[in-house]
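Data from structure07.txt: compact mmCIF, C-alpha atoms and all ligand atoms
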```txt
# COMPACT_ATOMS: atom_id res chain seq x y z
CA MET A 1 -28.18 29.29 -12.12
CA ILE A 2 -26.24 29.19 -8.85
CA ILE A 3 -28.06 30.14 -5.66
CA ALA A 4 -25.95 30.66 -2.54
CA ILE A 5 -27.57 30.26 0.87
CA ASP A 6 -25.41 31.12 3.87
CA GLY A 7 -26.27 31.67 7.49
CA THR A 8 -25.87 30.84 11.13
CA SER A 9 -26.16 27.38 12.71
CA ALA A 10 -29.71 26.04 13.06
CA SER A 11 -31.13 29.11 11.30
CA GLY A 12 -33.22 26.88 9.04
CA LYS A 13 -30.98 27.31 5.99
CA SER A 14 -30.76 23.54 5.29
CA SER A 15 -34.56 23.16 5.47
CA ILE A 16 -34.98 26.18 3.20
CA ALA A 17 -32.42 24.87 0.70
CA LYS A 18 -34.05 21.43 0.67
CA ALA A 19 -37.59 22.79 0.19
CA LEU A 20 -36.40 25.20 -2.50
CA GLY A 21 -34.59 22.43 -4.35
CA ALA A 22 -37.71 20.27 -4.30
CA ARG A 23 -39.93 23.17 -5.47
CA LEU A 24 -37.62 24.33 -8.27
CA GLY A 25 -36.13 21.00 -9.29
CA PHE A 26 -32.63 22.32 -8.55
CA ALA A 27 -29.81 20.19 -7.15
CA VAL A 28 -29.01 21.00 -3.51
CA VAL A 29 -25.60 20.78 -1.89
CA GLY A 30 -25.57 21.23 1.87
CA THR A 31 -21.87 21.88 2.28
CA GLY A 32 -22.00 21.50 6.08
CA SER A 33 -22.51 17.76 5.43
CA ILE A 34 -19.14 17.59 3.69
CA TYR A 35 -17.36 19.20 6.66
CA ARG A 36 -19.37 16.95 8.97
CA ALA A 37 -18.42 13.80 7.01
CA ILE A 38 -14.71 14.66 7.29
CA THR A 39 -15.14 15.44 10.99
CA LEU A 40 -16.93 12.13 11.58
CA LYS A 41 -14.14 10.18 9.89
CA LEU A 42 -11.55 11.92 12.09
CA LEU A 43 -13.61 11.36 15.26
CA ASN A 44 -13.96 7.67 14.43
CA LEU A 45 -10.18 7.48 14.03
CA ASN A 46 -9.72 9.22 17.39
CA ILE A 47 -7.79 12.09 15.83
CA LYS A 48 -7.42 15.32 17.80
CA ALA A 49 -7.88 18.73 16.16
CA ASN A 50 -4.19 19.61 16.58
CA GLU A 51 -2.86 16.53 14.71
CA ASP A 52 -2.50 18.36 11.41
CA GLU A 53 0.05 16.06 9.84
CA ARG A 54 -2.17 13.00 10.38
CA ILE A 55 -5.27 14.88 9.29
CA GLN A 56 -3.57 15.94 6.07
CA GLN A 57 -2.46 12.36 5.37
CA ILE A 58 -6.01 11.13 5.92
CA ILE A 59 -7.50 13.84 3.70
CA ASN A 60 -5.05 12.97 0.91
CA THR A 61 -6.45 9.43 0.79
CA THR A 62 -10.10 10.26 1.43
CA HIS A 63 -12.52 10.06 -1.46
CA ILE A 64 -15.74 12.06 -1.14
CA GLU A 65 -18.67 11.93 -3.53
CA VAL A 66 -21.67 14.23 -3.31
CA ASP A 67 -25.10 13.56 -4.74
CA SER A 68 -28.38 15.46 -4.57
CA ILE A 69 -31.63 13.48 -4.41
CA ASN A 70 -34.98 15.32 -3.98
CA GLY A 71 -33.33 18.21 -2.21
CA ALA A 72 -31.29 15.99 0.12
CA THR A 73 -27.50 15.99 -0.03
CA ILE A 74 -26.03 12.49 -0.01
CA ILE A 75 -22.39 12.11 1.01
CA ASN A 76 -20.30 9.03 0.28
CA VAL A 77 -16.97 8.76 2.02
CA ASP A 78 -14.67 6.11 0.57
CA ASP A 79 -17.73 4.61 -1.17
CA ILE A 80 -19.83 4.40 2.00
CA GLU A 81 -23.00 6.47 2.28
CA GLN A 82 -22.94 8.55 5.45
CA LYS A 83 -25.89 8.28 7.83
CA LYS A 84 -27.65 11.60 8.59
CA ALA A 85 -28.03 10.71 12.28
CA GLU A 86 -24.27 10.27 12.63
CA LEU A 87 -23.41 13.39 10.61
CA ASN A 88 -25.80 15.50 12.69
CA SER A 89 -24.76 14.21 16.11
CA ARG A 90 -23.89 16.70 18.83
CA GLU A 91 -20.26 15.51 18.88
CA VAL A 92 -19.82 16.08 15.14
CA SER A 93 -21.60 19.47 15.36
CA ASN A 94 -19.28 20.72 18.08
CA PHE A 95 -16.04 19.35 16.56
CA SER A 96 -16.70 20.40 12.95
CA PRO A 97 -15.76 24.14 13.26
CA LEU A 98 -12.32 23.12 14.56
CA ILE A 99 -11.79 21.03 11.44
CA ALA A 100 -13.49 23.51 9.07
CA MET A 101 -11.11 26.30 10.11
CA LYS A 102 -8.07 24.51 8.60
CA PRO A 103 -6.96 25.99 5.25
CA TYR A 104 -6.15 22.60 3.66
CA ILE A 105 -9.56 21.25 4.65
CA ARG A 106 -11.32 24.26 3.13
CA GLU A 107 -9.32 23.91 -0.09
CA PHE A 108 -10.22 20.22 -0.30
CA VAL A 109 -13.93 20.97 0.24
CA ARG A 110 -13.93 24.01 -2.08
CA LYS A 111 -12.87 21.80 -5.01
CA ILE A 112 -15.73 19.39 -4.29
CA GLN A 113 -18.22 22.28 -4.06
CA ARG A 114 -17.10 23.90 -7.31
CA SER A 115 -17.16 20.59 -9.18
CA GLN A 116 -20.85 20.30 -8.25
CA ALA A 117 -21.64 23.49 -10.16
CA GLU A 118 -20.01 21.96 -13.23
CA ILE A 119 -22.23 18.88 -12.95
CA HIS A 120 -25.55 20.68 -12.29
CA GLU A 121 -26.90 23.50 -14.43
CA ASN A 122 -29.14 24.76 -11.63
CA ILE A 123 -27.86 24.39 -8.11
CA ILE A 124 -28.53 25.63 -4.58
CA VAL A 125 -25.40 25.59 -2.45
CA GLU A 126 -25.84 26.10 1.28
CA GLY A 127 -23.18 26.81 3.90
CA ARG A 128 -21.18 29.59 5.54
CA ASP A 129 -18.85 30.98 2.83
CA ILE A 130 -20.73 30.14 -0.36
CA GLY A 131 -21.64 33.69 -1.44
CA SER A 132 -18.38 35.16 -0.15
CA VAL A 133 -15.68 32.68 -1.25
CA VAL A 134 -16.89 29.56 -3.03
CA PHE A 135 -19.28 31.22 -5.52
CA PRO A 136 -18.78 35.01 -5.23
CA ASN A 137 -20.49 35.34 -8.64
CA ALA A 138 -23.58 33.36 -7.64
CA ASP A 139 -26.75 34.57 -9.40
CA LEU A 140 -28.54 35.11 -6.09
CA LYS A 141 -27.29 35.13 -2.50
CA PHE A 142 -29.40 34.67 0.60
CA PHE A 143 -28.38 34.99 4.22
CA ILE A 144 -30.54 33.17 6.78
CA ASP A 145 -30.48 34.05 10.46
CA ALA A 146 -32.73 33.86 13.53
CA ASP A 147 -32.38 34.83 17.16
CA ILE A 148 -30.39 32.44 19.32
CA THR A 149 -33.37 31.21 21.38
CA THR A 150 -35.39 30.30 18.27
CA ARG A 151 -32.41 28.48 16.84
CA ALA A 152 -31.69 26.60 20.08
CA GLN A 153 -35.35 25.57 20.43
CA ARG A 154 -35.31 24.28 16.87
CA ARG A 155 -32.15 22.26 17.51
CA GLN A 156 -33.55 20.96 20.81
CA SER A 157 -36.69 19.66 19.04
CA GLU A 158 -34.54 17.95 16.41
CA TYR A 159 -32.53 16.20 19.16
CA LEU A 160 -35.76 15.24 21.00
CA GLU A 161 -37.11 13.63 17.82
CA LYS A 162 -34.02 11.41 17.94
CA GLY A 163 -34.64 10.60 21.62
CA LYS A 164 -31.87 12.91 22.94
CA ASN A 165 -32.82 15.37 25.65
CA TYR A 166 -30.37 18.28 26.04
CA SER A 167 -31.08 21.46 28.02
CA LEU A 168 -31.90 24.65 26.14
CA ASP A 169 -29.13 26.46 28.03
CA ALA A 170 -26.50 23.95 26.89
CA ILE A 171 -27.67 24.21 23.27
CA VAL A 172 -27.64 28.05 23.41
CA LYS A 173 -24.03 27.92 24.62
CA GLU A 174 -22.99 25.40 21.96
CA LEU A 175 -24.62 27.30 19.09
CA SER A 176 -23.11 30.60 20.26
CA LEU A 177 -19.66 29.05 20.46
CA ARG A 178 -20.03 27.44 17.02
CA ASP A 179 -21.14 30.76 15.45
CA GLN A 180 -18.25 32.54 17.13
CA GLU A 181 -15.74 29.95 15.83
CA ASP A 182 -17.24 30.18 12.32
CA ARG A 183 -17.30 33.99 12.36
CA GLU A 184 -13.85 34.56 13.81
CA ARG A 185 -11.76 32.08 11.83
CA GLU A 186 -9.07 33.59 9.62
CA ILE A 187 -10.09 32.10 6.32
CA SER A 188 -13.58 31.98 4.86
CA PRO A 189 -15.37 33.19 7.98
CA LEU A 190 -19.14 33.33 8.15
CA VAL A 191 -19.96 36.76 6.74
CA MET A 192 -22.97 38.35 5.13
CA THR A 193 -21.96 39.78 1.76
CA SER A 194 -23.35 43.20 0.81
CA ASP A 195 -25.30 41.66 -2.09
CA SER A 196 -27.10 39.09 0.09
CA ILE A 197 -30.85 39.15 0.70
CA ILE A 198 -31.51 38.58 4.39
CA PHE A 199 -34.21 36.38 5.91
CA ASP A 200 -34.87 36.15 9.63
CA THR A 201 -36.61 32.86 10.42
CA SER A 202 -37.53 33.98 13.94
CA ARG A 203 -40.07 36.25 12.25
CA LEU A 204 -40.97 34.15 9.21
CA SER A 205 -41.73 30.43 8.98
CA ILE A 206 -39.55 28.27 6.75
CA GLU A 207 -42.52 27.98 4.32
CA GLU A 208 -42.92 31.77 4.16
CA CYS A 209 -39.19 32.18 3.48
CA VAL A 210 -39.31 29.55 0.75
CA ASP A 211 -42.34 31.24 -0.88
CA GLN A 212 -40.59 34.62 -0.87
CA ILE A 213 -37.32 33.19 -2.18
CA VAL A 214 -39.17 31.36 -4.99
CA ASN A 215 -40.76 34.69 -6.02
CA ILE A 216 -37.38 36.41 -6.04
CA ILE A 217 -35.85 33.62 -8.14
CA ASN A 218 -38.76 33.67 -10.60
CA ASP A 219 -38.45 37.47 -10.94
CA ARG A 220 -34.73 37.06 -11.62
CA LYS A 221 -35.41 34.36 -14.24
CA LEU A 222 -37.90 36.69 -15.99
CA GLN A 223 -35.39 39.56 -15.94
CA ASN A 224 -32.76 37.31 -17.52
CA ALA A 225 -35.14 35.75 -20.09
O1 LIG B 301 -24.27 23.82 8.29
P1 LIG B 301 -23.78 22.83 9.28
O2 LIG B 301 -24.23 23.12 10.69
O3 LIG B 301 -24.10 21.42 8.91
O4 LIG B 301 -22.20 22.96 9.25
C1 LIG B 301 -21.38 22.29 10.16
C2 LIG B 301 -20.08 23.06 10.32
O5 LIG B 301 -19.34 23.01 9.11
C3 LIG B 301 -20.24 24.55 10.63
O6 LIG B 301 -20.36 24.85 12.01
C4 LIG B 301 -18.97 25.13 10.06
O7 LIG B 301 -17.92 25.05 10.98
C5 LIG B 301 -18.65 24.22 8.90
N1 LIG B 301 -19.03 24.79 7.61
C6 LIG B 301 -18.18 25.71 7.06
N2 LIG B 301 -18.43 26.22 5.81
C7 LIG B 301 -19.50 25.82 5.13
C8 LIG B 301 -20.41 24.91 5.70
C9 LIG B 301 -20.15 24.43 6.96
O8 LIG B 301 -17.20 26.09 7.68
N3 LIG B 301 -19.70 26.30 3.88
```
Exercise: express the given structure as C-alpha cells:
Amino acid sequence: MIIAIDGTSASGKSSIAKALGARLGFAVVGTGSIYRAITLKLLNLNIKANEDERIQQIINTTHIEVDSINGATIINVDDIEQKKAELNSREVSNFSPLIAMKPYIREFVRKIQRSQAEIHENIIVEGRDIGSVVFPNADLKFFIDADITTRAQRRQSEYLEKGKNYSLDAIVKELSLRDQEDREREISPLVMTSDSIIFDTSRLSIEECVDQIVNIINDRKLQNA
C-alpha cells in the first residue's frame, strides 16, 4: 500500500507521517529530507542557485541512500548520515525550494522516491508532489494544511527548542515565500489533487489527524480484503 501525504511547509505533515508509520508499521519517506540533503551539500560547497552546470556535475557524482527507522527518514549522502539539525536549519529551509525547482534535481529525487516503493510493501511518502507526480496511483492521498500563523508558531517553537529565537513575523514571511515558490514552480508544483483527503491542523491536533487517518486506512484495507 502506498500512502501519499502532501501539504504546505510546517503544516505538520512530517509529524503525521512519522506517527502514522509508527502506528501502522509502515516505512516512512519524508522526501523533503532528500531535497534538504542535496541543498545542504551545495551550501557547504558554496554553490549558488544559478550554477546549474556545477550543480549537475555534483549531482552526477552524489550517492544518496534512504532508510526508514521507526517512522524517521534517515538520509545518507556519500555514505555519511545527515544530521537532522543541519537538514532542518533555517538556511537549508530557505534555499531548498530554489534547488527543488530544477528539473534535473526533481528527476534525480523521483528515481530515489520510486525505488523506495519497490523496497517497501507498505510505505508512507510525504512531500509536495507525491500524490500528483511521484505516485499518482497511490492507494490513499492526504493533503495537510493549516493557517499561516499556526504554522509559523509551530516552526518558531521548533527553532526555540534548538536555542534559536526568530521573530514570528520573519517566520511568517519565510513560510509564505517558500509556499509561493513551491506552488508557482513550473514542474511538480505543490498542488492538491482532486482525490486527496484534506486535513487542517489548525483545527485538529496532530494526534486527532493521525487517529482519523488510521481509521480511513483501516476502512480501505477492509474494503480491499
Ligand atoms: O517538507 P520540507 O519542508 O522538508 O521540504 C523542504 C523543501 O523541499 C520544500 O520547501 C520544497 O521546496 C522541497 N520539496 C519538494 N518536493 C517534495 C518535498 C520537498 O519540492 N516532494
Fill in: Nearby residues, ligand LIG 301 (chain B), 9 Å, all atoms listed in the file, as a PyMOL selection string
chain A and resi 6-10+13-14+30-36+39+87-88+92-101+106+109-110+125-130+134+175+178-179+181-182+188-190
Worksheet item: With all atoms listed in the file as the atoms that count, which of A:Arg183, A:Lys102, A:Gln56, A:Glu91 lies nearest to Leu43 (chain A)?
Response: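 Closest to Leu43 (chain A) of all the choices is A:Glu91.
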Worksheet item: Do you know which residues are at most 9 Å from region 159-172 of chain A counting only C-alpha atoms, after dropping those on the same chain fewer than 3 positions away, and could you put them as a list in words?
Response: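 Residues meeting the cut-off are Ala85, Ser89, Arg90, Ile148, Thr149, Arg151, Ala152, Gln153, Arg154, Arg155, Gln156, Leu175, Ser176 and Leu177 of chain A.
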Response to the item:
Between CA of Leu20 (chain A) and CA of Asp147 (chain A) lies a distance of 22.3 Å
Worksheet item: If we count only C-alpha atoms, what is near Asn76 (chain A) at a cut-off of 7 Å, once residues fewer than 5 positions away on the same chain are taken out, given as a list in words?
Response: Ile64, Glu65, Val66, Glu81 and Gln82 of chain A
Worksheet item: So how many Å separate CA of Val29 (chain A) and CA of Ile124 (chain A), to one decimal?
Response: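 It comes out at 6.3 Å.
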Worksheet item: When you draw a straight line from CA of Gln180 (chain A) to CA of Asn137 (chain A), how long is it in Å?
Response: 26.0 Å
Practice prompt. Counting all atoms listed in the file, figure out which residue out of A:Asp211, A:Asp145, A:Glu158, A:Glu184 gets nearest to Ile198 (chain A).
Written response: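 Selected residue with least distance to Ile198 (chain A): A:Asp145.
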Practice prompt. Would you mind telling me which residue in A:Arg54, A:Lys221, A:Lys83, A:Lys18 lies nearest to Ile69 (chain A) when using only C-alpha atoms?
Written response: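 Among the listed residues, the smallest separation from Ile69 (chain A) belongs to A:Lys18.
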Calculate, to one decimal in Å, the centre and edge lengths of the box along x, y and z of the file that holds all listed atoms of region 150-153 of chain A with 8 Å of margin on each side, and present them as AutoDock Vina command-line options.
```
--center_x -33.5 --center_y 27.9 --center_z 18.6 --size_x 19.7 --size_y 20.7 --size_z 19.6
```
Region 81-131 of chain A near region 21-26 of chain A within 12 Å: what's each residue's closest atom pair and its distance in Å to one decimal, counting all atoms listed in the file, ordered by chain then ascending residue number, as a tab-separated table?
```
residue	atom	partner	partner_atom	distance
A:Gln116	CA	A:Phe26	CA	12.0
A:Ala117	CA	A:Phe26	CA	11.2
A:Ile119	CA	A:Phe26	CA	11.8
A:His120	CA	A:Phe26	CA	8.2
A:Glu121	CA	A:Phe26	CA	8.3
A:Asn122	CA	A:Phe26	CA	5.3
A:Ile123	CA	A:Phe26	CA	5.2
A:Ile124	CA	A:Phe26	CA	6.6
A:Val125	CA	A:Gly21	CA	9.9
A:Glu126	CA	A:Gly21	CA	11.0
```
Fill in: Residue among A:Asp139, A:Asp52, A:Glu186, A:Asp78 lying closest to Ile3 (chain A), counting only C-alpha atoms
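Comparing A:Asp139, A:Asp52, A:Glu186, A:Asp78 against Ile3 (chain A), the winner is A:Asp139.
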Set the distance at 10 Å and use all atoms listed in the file: which residues neighbour Ser196 (chain A) once local chain neighbours fewer than 5 positions away are removed? I'd like the list as a short mmCIF file (atom, residue, chain, number, x, y, z; two decimals) with C-alpha atoms, in the frame of the given file.
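The result, stored in selection.cif:
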```
data_model
loop_
_atom_site.label_atom_id
_atom_site.label_comp_id
_atom_site.auth_asym_id
_atom_site.auth_seq_id
_atom_site.Cartn_x
_atom_site.Cartn_y
_atom_site.Cartn_z
CA ALA A 4 -25.95 30.66 -2.54
CA ILE A 5 -27.57 30.26 0.87
CA ASP A 6 -25.41 31.12 3.87
CA GLY A 131 -21.64 33.69 -1.44
CA SER A 132 -18.38 35.16 -0.15
CA LEU A 140 -28.54 35.11 -6.09
CA LYS A 141 -27.29 35.13 -2.50
CA PHE A 142 -29.40 34.67 0.60
CA PHE A 143 -28.38 34.99 4.22
CA ILE A 144 -30.54 33.17 6.78
#
```
Should you be able to, write region 177-199 of chain A of this structure into a file that contains N, CA and C atoms, as a PDB file, in the first residue's frame.
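The resulting file, part-v4.pdb, is shown below:
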```pdb
ATOM      1  N   LEU A 177       6.850  32.772   1.528  1.00  0.00           N
ATOM      2  CA  LEU A 177       7.677  32.787   0.323  1.00  0.00           C
ATOM      3  C   LEU A 177       7.949  31.357  -0.149  1.00  0.00           C
ATOM      4  N   ARG A 178       8.238  30.471   0.802  1.00  0.00           N
ATOM      5  CA  ARG A 178       8.558  29.077   0.458  1.00  0.00           C
ATOM      6  C   ARG A 178       7.344  28.409  -0.201  1.00  0.00           C
ATOM      7  N   ASP A 179       6.153  28.632   0.377  1.00  0.00           N
ATOM      8  CA  ASP A 179       4.927  28.065  -0.220  1.00  0.00           C
ATOM      9  C   ASP A 179       4.726  28.603  -1.630  1.00  0.00           C
ATOM     10  N   GLN A 180       4.952  29.920  -1.758  1.00  0.00           N
ATOM     11  CA  GLN A 180       4.755  30.540  -3.081  1.00  0.00           C
ATOM     12  C   GLN A 180       5.719  29.927  -4.102  1.00  0.00           C
ATOM     13  N   GLU A 181       6.998  29.770  -3.703  1.00  0.00           N
ATOM     14  CA  GLU A 181       7.981  29.175  -4.617  1.00  0.00           C
ATOM     15  C   GLU A 181       7.591  27.738  -4.963  1.00  0.00           C
ATOM     16  N   ASP A 182       7.110  26.986  -3.973  1.00  0.00           N
ATOM     17  CA  ASP A 182       6.729  25.587  -4.209  1.00  0.00           C
ATOM     18  C   ASP A 182       5.459  25.491  -5.069  1.00  0.00           C
ATOM     19  N   ARG A 183       4.557  26.454  -4.887  1.00  0.00           N
ATOM     20  CA  ARG A 183       3.285  26.407  -5.631  1.00  0.00           C
ATOM     21  C   ARG A 183       3.431  26.892  -7.063  1.00  0.00           C
ATOM     22  N   GLU A 184       4.359  27.841  -7.267  1.00  0.00           N
ATOM     23  CA  GLU A 184       4.412  28.501  -8.577  1.00  0.00           C
ATOM     24  C   GLU A 184       5.468  27.944  -9.511  1.00  0.00           C
ATOM     25  N   ARG A 185       6.247  26.955  -9.050  1.00  0.00           N
ATOM     26  CA  ARG A 185       7.287  26.439  -9.951  1.00  0.00           C
ATOM     27  C   ARG A 185       6.630  25.705 -11.117  1.00  0.00           C
ATOM     28  N   GLU A 186       7.408  25.630 -12.232  1.00  0.00           N
ATOM     29  CA  GLU A 186       6.809  25.080 -13.456  1.00  0.00           C
ATOM     30  C   GLU A 186       6.556  23.587 -13.368  1.00  0.00           C
ATOM     31  N   ILE A 187       7.540  22.866 -12.813  1.00  0.00           N
ATOM     32  CA  ILE A 187       7.321  21.416 -12.762  1.00  0.00           C
ATOM     33  C   ILE A 187       7.048  20.957 -11.333  1.00  0.00           C
ATOM     34  N   SER A 188       6.146  19.987 -11.251  1.00  0.00           N
ATOM     35  CA  SER A 188       5.785  19.391  -9.959  1.00  0.00           C
ATOM     36  C   SER A 188       5.479  20.413  -8.876  1.00  0.00           C
ATOM     37  N   PRO A 189       4.625  21.387  -9.154  1.00  0.00           N
ATOM     38  CA  PRO A 189       4.308  22.346  -8.089  1.00  0.00           C
ATOM     39  C   PRO A 189       3.499  21.685  -6.981  1.00  0.00           C
ATOM     40  N   LEU A 190       3.461  22.361  -5.848  1.00  0.00           N
ATOM     41  CA  LEU A 190       2.605  21.896  -4.753  1.00  0.00           C
ATOM     42  C   LEU A 190       1.153  22.113  -5.171  1.00  0.00           C
ATOM     43  N   VAL A 191       0.433  21.007  -5.343  1.00  0.00           N
ATOM     44  CA  VAL A 191      -0.998  21.111  -5.688  1.00  0.00           C
ATOM     45  C   VAL A 191      -1.765  20.070  -4.876  1.00  0.00           C
ATOM     46  N   MET A 192      -3.054  20.367  -4.690  1.00  0.00           N
ATOM     47  CA  MET A 192      -3.886  19.378  -4.021  1.00  0.00           C
ATOM     48  C   MET A 192      -4.646  18.630  -5.110  1.00  0.00           C
ATOM     49  N   THR A 193      -4.438  17.333  -5.229  1.00  0.00           N
ATOM     50  CA  THR A 193      -5.141  16.596  -6.283  1.00  0.00           C
ATOM     51  C   THR A 193      -6.616  16.432  -5.885  1.00  0.00           C
ATOM     52  N   SER A 194      -7.470  16.211  -6.885  1.00  0.00           N
ATOM     53  CA  SER A 194      -8.917  16.158  -6.597  1.00  0.00           C
ATOM     54  C   SER A 194      -9.288  14.934  -5.753  1.00  0.00           C
ATOM     55  N   ASP A 195      -8.400  13.908  -5.755  1.00  0.00           N
ATOM     56  CA  ASP A 195      -8.706  12.710  -4.962  1.00  0.00           C
ATOM     57  C   ASP A 195      -8.024  12.725  -3.591  1.00  0.00           C
ATOM     58  N   SER A 196      -7.542  13.890  -3.164  1.00  0.00           N
ATOM     59  CA  SER A 196      -6.898  13.974  -1.839  1.00  0.00           C
ATOM     60  C   SER A 196      -7.927  14.213  -0.742  1.00  0.00           C
ATOM     61  N   ILE A 197      -7.647  13.666   0.428  1.00  0.00           N
ATOM     62  CA  ILE A 197      -8.470  13.937   1.617  1.00  0.00           C
ATOM     63  C   ILE A 197      -7.734  15.022   2.409  1.00  0.00           C
ATOM     64  N   ILE A 198      -8.463  16.096   2.723  1.00  0.00           N
ATOM     65  CA  ILE A 198      -7.805  17.270   3.311  1.00  0.00           C
ATOM     66  C   ILE A 198      -7.911  17.262   4.835  1.00  0.00           C
ATOM     67  N   PHE A 199      -6.792  17.619   5.484  1.00  0.00           N
ATOM     68  CA  PHE A 199      -6.794  17.818   6.933  1.00  0.00           C
ATOM     69  C   PHE A 199      -6.218  19.188   7.239  1.00  0.00           C
TER      70      PHE A 199
END
```
